[in-house]
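Chemist: The following file, my_file15.csv, comprises CSV, C-alpha atoms:
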chain,number,residue,atom,x,y,z
A,1,MET,CA,143.1,47.0,141.0
A,2,SER,CA,144.4,50.0,142.8
A,3,MET,CA,144.3,51.4,146.3
A,4,GLY,CA,143.1,54.5,144.6
A,5,PHE,CA,139.7,52.8,144.1
A,6,LEU,CA,139.3,52.5,147.9
A,7,VAL,CA,139.3,56.2,148.6
A,8,GLU,CA,137.9,59.4,147.1
A,9,GLU,CA,139.9,60.6,144.1
A,10,THR,CA,141.6,63.5,145.9
A,11,ALA,CA,141.9,61.9,149.3
A,12,PRO,CA,145.4,60.7,150.4
A,13,VAL,CA,145.8,57.2,151.6
A,14,VAL,CA,147.0,57.8,155.2
A,15,TRP,CA,147.0,54.3,156.6
A,16,ARG,CA,149.4,52.5,158.9
A,17,GLY,CA,149.8,49.0,160.2
A,18,LEU,CA,146.5,47.2,160.8
A,19,MET,CA,144.6,49.4,158.3
A,20,VAL,CA,147.1,48.6,155.6
A,21,MET,CA,147.0,44.8,156.3
A,22,SER,CA,143.2,44.9,156.5
A,23,ALA,CA,143.0,46.5,153.0
A,24,ILE,CA,145.5,44.0,151.6
A,25,GLU,CA,143.6,41.1,153.1
A,26,LYS,CA,140.4,42.3,151.4
A,27,LEU,CA,142.1,42.8,148.1
A,28,LEU,CA,143.9,39.4,148.0
A,29,ARG,CA,142.0,37.0,150.2
A,30,GLN,CA,138.4,38.2,150.7
A,31,ARG,CA,138.4,39.6,147.2
A,32,ARG,CA,136.2,42.5,148.1
A,33,THR,CA,136.6,46.2,148.6
A,34,ASN,CA,134.6,48.8,150.4
A,35,ARG,CA,131.3,50.1,149.1
A,36,ASP,CA,131.4,51.9,145.7
A,37,HIS,CA,131.3,55.6,146.4
A,38,GLY,CA,128.8,56.3,143.6
A,39,THR,CA,126.2,53.6,144.0
A,40,GLY,CA,126.7,52.4,147.6
A,41,GLU,CA,127.0,48.9,146.4
A,42,GLU,CA,129.7,46.6,147.7
A,43,GLN,CA,132.3,45.8,145.0
A,44,ARG,CA,134.3,42.6,144.6
A,45,VAL,CA,137.7,42.2,143.1
A,46,ASP,CA,137.6,39.2,140.7
A,47,TRP,CA,141.2,38.3,139.9
A,48,GLY,CA,140.1,35.5,137.6
A,49,GLN,CA,142.5,32.7,136.9
A,50,LEU,CA,146.0,34.1,137.5
A,51,ASN,CA,149.4,32.9,136.5
A,52,TYR,CA,151.1,35.8,138.3
A,53,LEU,CA,149.9,38.7,140.5
A,54,VAL,CA,152.2,41.8,140.4
A,55,VAL,CA,152.0,44.1,143.4
A,56,ASP,CA,153.4,47.6,142.8
A,57,LEU,CA,154.6,48.9,146.2
A,58,PRO,CA,155.6,52.5,146.8
A,59,PRO,CA,159.3,53.1,147.4
A,60,GLY,CA,160.5,52.7,151.0
A,61,THR,CA,160.6,50.2,153.8
A,62,GLY,CA,157.6,51.2,155.9
A,63,ASP,CA,154.4,49.6,157.1
A,64,VAL,CA,153.0,48.8,153.6
A,65,GLN,CA,156.1,47.0,152.5
A,66,LEU,CA,156.6,45.1,155.7
A,67,SER,CA,153.0,44.2,156.0
A,68,VAL,CA,153.0,42.8,152.4
A,69,THR,CA,156.3,40.9,152.8
A,70,GLN,CA,155.5,39.4,156.1
A,71,ASN,CA,151.9,38.3,155.5
A,72,ILE,CA,151.7,37.2,151.9
A,73,PRO,CA,153.9,34.5,150.2
A,74,ILE,CA,156.0,36.3,147.6
A,75,SER,CA,157.9,34.5,144.9
A,76,GLY,CA,160.3,37.4,144.2
A,77,ALA,CA,160.8,41.2,144.2
A,78,VAL,CA,161.9,43.5,141.3
A,79,ILE,CA,163.5,46.7,142.4
A,80,VAL,CA,162.7,49.6,140.0
A,81,SER,CA,164.8,52.9,140.2
A,82,THR,CA,165.8,55.8,138.1
A,83,PRO,CA,169.6,56.1,137.7
A,84,GLN,CA,169.9,59.1,140.0
A,85,ASP,CA,171.8,58.8,143.3
A,86,ILE,CA,168.9,59.8,145.6
A,87,ALA,CA,166.6,57.2,144.0
A,88,LEU,CA,169.3,54.6,144.2
A,89,MET,CA,169.6,55.1,147.9
A,90,ASP,CA,165.9,54.2,148.4
A,91,ALA,CA,166.3,51.3,146.0
A,92,ARG,CA,169.2,49.9,148.0
A,93,LYS,CA,167.2,50.1,151.2
A,94,GLY,CA,164.4,48.3,149.5
A,95,ALA,CA,166.7,45.6,148.4
A,96,GLU,CA,168.1,45.2,151.8
A,97,MET,CA,164.6,45.0,153.3
A,98,PHE,CA,163.6,42.2,150.9
A,99,ARG,CA,166.8,40.3,151.8
A,100,LYS,CA,166.1,40.7,155.5
A,101,VAL,CA,162.6,39.2,155.2
A,102,HIS,CA,163.9,36.5,152.9
A,103,VAL,CA,162.2,37.5,149.7
A,104,PRO,CA,164.3,36.7,146.6
A,105,ILE,CA,165.3,39.7,144.6
A,106,LEU,CA,164.8,38.9,140.9
A,107,GLY,CA,166.8,41.9,139.7
A,108,LEU,CA,166.7,45.6,139.1
A,109,VAL,CA,165.0,47.7,136.4
A,110,GLN,CA,166.4,51.1,135.4
A,111,ASN,CA,163.4,53.4,134.8
A,112,MET,CA,163.6,56.6,132.8
A,113,SER,CA,167.1,55.5,131.7
A,114,VAL,CA,167.4,57.8,128.7
A,115,PHE,CA,165.5,60.4,126.8
A,116,GLN,CA,165.7,60.5,123.0
A,117,CYS,CA,164.7,63.8,121.4
A,118,PRO,CA,161.8,62.9,118.9
A,119,LYS,CA,163.1,65.6,116.4
A,120,CYS,CA,166.9,65.3,116.4
A,121,LYS,CA,167.2,61.8,118.0
A,122,HIS,CA,169.9,63.0,120.4
A,123,ARG,CA,170.0,60.8,123.5
A,124,THR,CA,170.2,62.5,127.0
A,125,HIS,CA,170.6,60.7,130.3
A,126,ILE,CA,168.5,63.2,132.3
A,127,PHE,CA,168.8,61.3,135.6
A,128,GLY,CA,172.3,60.0,135.0
A,129,ALA,CA,173.6,57.0,133.2
A,130,ASP,CA,173.9,53.4,134.5
A,131,GLY,CA,173.1,54.1,138.2
A,132,ALA,CA,171.0,51.0,138.5
A,133,ARG,CA,173.8,49.0,136.8
A,134,ARG,CA,176.3,50.2,139.4
A,135,LEU,CA,173.9,49.3,142.2
A,136,ALA,CA,173.2,45.9,140.8
A,137,ARG,CA,176.9,45.1,140.7
A,138,THR,CA,177.2,46.3,144.4
A,139,LEU,CA,174.3,44.1,145.4
A,140,ASP,CA,175.3,41.2,143.2
A,141,LEU,CA,172.1,41.3,141.2
A,142,ASP,CA,171.1,41.4,137.5
A,143,VAL,CA,169.7,44.3,135.6
A,144,LEU,CA,166.5,43.1,134.0
A,145,GLY,CA,166.3,45.9,131.6
A,146,ASP,CA,165.9,49.6,130.9
A,147,ILE,CA,162.7,51.7,130.4
A,148,PRO,CA,163.3,54.9,128.5
A,149,LEU,CA,161.8,58.3,129.4
A,150,HIS,CA,159.3,58.6,126.6
A,151,LEU,CA,156.2,60.7,126.0
A,152,ASN,CA,154.2,57.8,124.6
A,153,ILE,CA,154.6,55.9,127.9
A,154,ARG,CA,153.2,58.8,129.9
A,155,GLU,CA,150.4,59.5,127.4
A,156,THR,CA,149.2,55.9,127.1
A,157,SER,CA,149.4,55.3,130.8
A,158,ASP,CA,147.4,58.5,131.5
A,159,THR,CA,144.6,57.3,129.2
A,160,GLY,CA,144.4,53.9,130.9
A,161,GLN,CA,145.8,52.1,127.8
A,162,PRO,CA,149.4,51.1,128.8
A,163,ILE,CA,151.8,51.1,125.9
A,164,VAL,CA,152.1,47.3,125.8
A,165,PHE,CA,148.4,47.1,124.9
A,166,SER,CA,148.0,50.3,122.8
A,167,GLN,CA,151.3,50.2,120.9
A,168,PRO,CA,152.6,46.7,121.4
A,169,GLU,CA,155.1,46.9,118.4
A,170,SER,CA,156.7,50.1,119.7
A,171,ASP,CA,160.3,50.0,121.1
A,172,GLU,CA,158.9,51.3,124.4
A,173,ALA,CA,156.5,48.4,124.7
A,174,LYS,CA,159.2,45.9,123.7
A,175,ALA,CA,161.3,47.2,126.6
A,176,TYR,CA,158.6,46.3,129.0
A,177,LEU,CA,158.0,42.9,127.4
A,178,ARG,CA,161.7,42.0,127.5
A,179,ILE,CA,161.7,42.8,131.3
A,180,ALA,CA,158.6,40.8,131.9
A,181,ALA,CA,160.2,37.8,130.1
A,182,GLU,CA,163.3,38.1,132.3
A,183,VAL,CA,161.1,38.2,135.4
A,184,VAL,CA,159.2,35.1,134.4
A,185,LYS,CA,162.4,33.2,133.7
A,186,ARG,CA,163.5,33.9,137.3
A,187,LEU,CA,160.2,32.9,139.0
A,188,PRO,CA,159.1,29.4,140.0
A,189,PRO,CA,156.6,27.9,137.5
A,190,PRO,CA,153.0,28.9,138.2
A,191,LEU,CA,150.8,26.5,140.1
A,192,GLU,CA,148.4,24.5,137.9
Mind turning the file's structure into structure tokens?
Modeler:
Amino acid sequence: MSMGFLVEETAPVVWRGLMVMSAIEKLLRQRRTNRDHGTGEEQRVDWGQLNYLVVDLPPGTGDVQLSVTQNIPISGAVIVSTPQDIALMDARKGAEMFRKVHVPILGLVQNMSVFQCPKCKHRTHIFGADGARRLARTLDLDVLGDIPLHLNIRETSDTGQPIVFSQPESDEAKAYLRIAAEVVKRLPPPLE
């Protein structure tokens, strides 16, 4: 499910406070969205039987993040950042916000950690090296893993077939799966 399904394709989501919480309530508790733009029919979100629900929040510490953390029971947060200094500043603020609202931080993920040239195999740290590791040490957190900057990740995501489904044996998919396993280890067991 995506907030993108609630608005026209080119429309920005310009919501604050109560609008954000109302949308989140509909997605999580009422399990329904607004009317489908094409048919006019009301659509429902059927989460099915879940062991885990992952909510991908935008970077920052604004209305969206506070509404979610203050109104929905959260088992843990994972901070994702590229290794560059400017991104790490936002990651640190996010971590401090989660601590302030008493949400356990399960660890950090270093995204776009390294680019390997597909032809010569030379590895380049385009966004810097090990920035998330330095931040993790500062915050006394674990690094859950690294996601490389790779064309296959972008291409498979753009087609709606994430790499863990479309190319599950690839090194890139295995990086995601290792991180997922680390996250699950740190979460309380799912409710039966």
Chemist: Counting all atoms listed in the file, which of A:Asp85, A:Leu57, A:Ser67, A:Ile153 gets nearest to Phe165 in chain A?
Modeler: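 Selected residue with least distance to Phe165 in chain A: A:Ile153.
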Chemist: What lies within 8 Å of Val80 in chain A using all atoms listed in the file, ignoring chain neighbours under 6 positions off, as a list in words?
Modeler: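 Once the adjacent positions are removed, what remains is Ala91, Leu108, Val109, Gln110 and Asn111 of chain A.
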Chemist: I need the residue nearest Gln49 in chain A from this list: A:Pro190, A:His122, A:Ser113, A:Ala129. Use all atoms listed in the file for the distance.
Modeler: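 Closest candidate: A:Pro190.
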Chemist: Could you jot down the CA of Gln161 in chain A to CA of Asn51 in chain A separation for me, Å, one decimal place?
Modeler: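 Separation of CA of Gln161 in chain A and CA of Asn51 in chain A: 21.4 Å.
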Chemist: Which one of A:Glu25, A:Val164, A:Arg154, A:Lys174 sits closest to Ile72 in chain A if you count all atoms listed in the file?
Modeler: A:Glu25
Chemist: If we count all atoms listed in the file, what is near Ala175 in chain A at a cut-off of 9 Å, once residues fewer than 5 positions away on the same chain are taken out, given as a ChimeraX atom specification?
Modeler: /A:145-148,170,180
Chemist: For Val78 in chain A, which residue out of A:Asp142, A:Glu8, A:Asp90, A:Glu172 is the nearest one, using only C-alpha atoms?
Modeler: A:Asp142
Chemist: Which residue, A:Asn152, A:Thr159, A:Gln167, A:Thr82, has the smallest gap to His125 in chain A when you use all atoms listed in the file?
Modeler: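 The closest residue to His125 in chain A is A:Thr82.
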Chemist: Please, what distance in Å, to one decimal, runs between CA of Ser2 in chain A and CA of Val101 in chain A?
Modeler: 24.5 Å
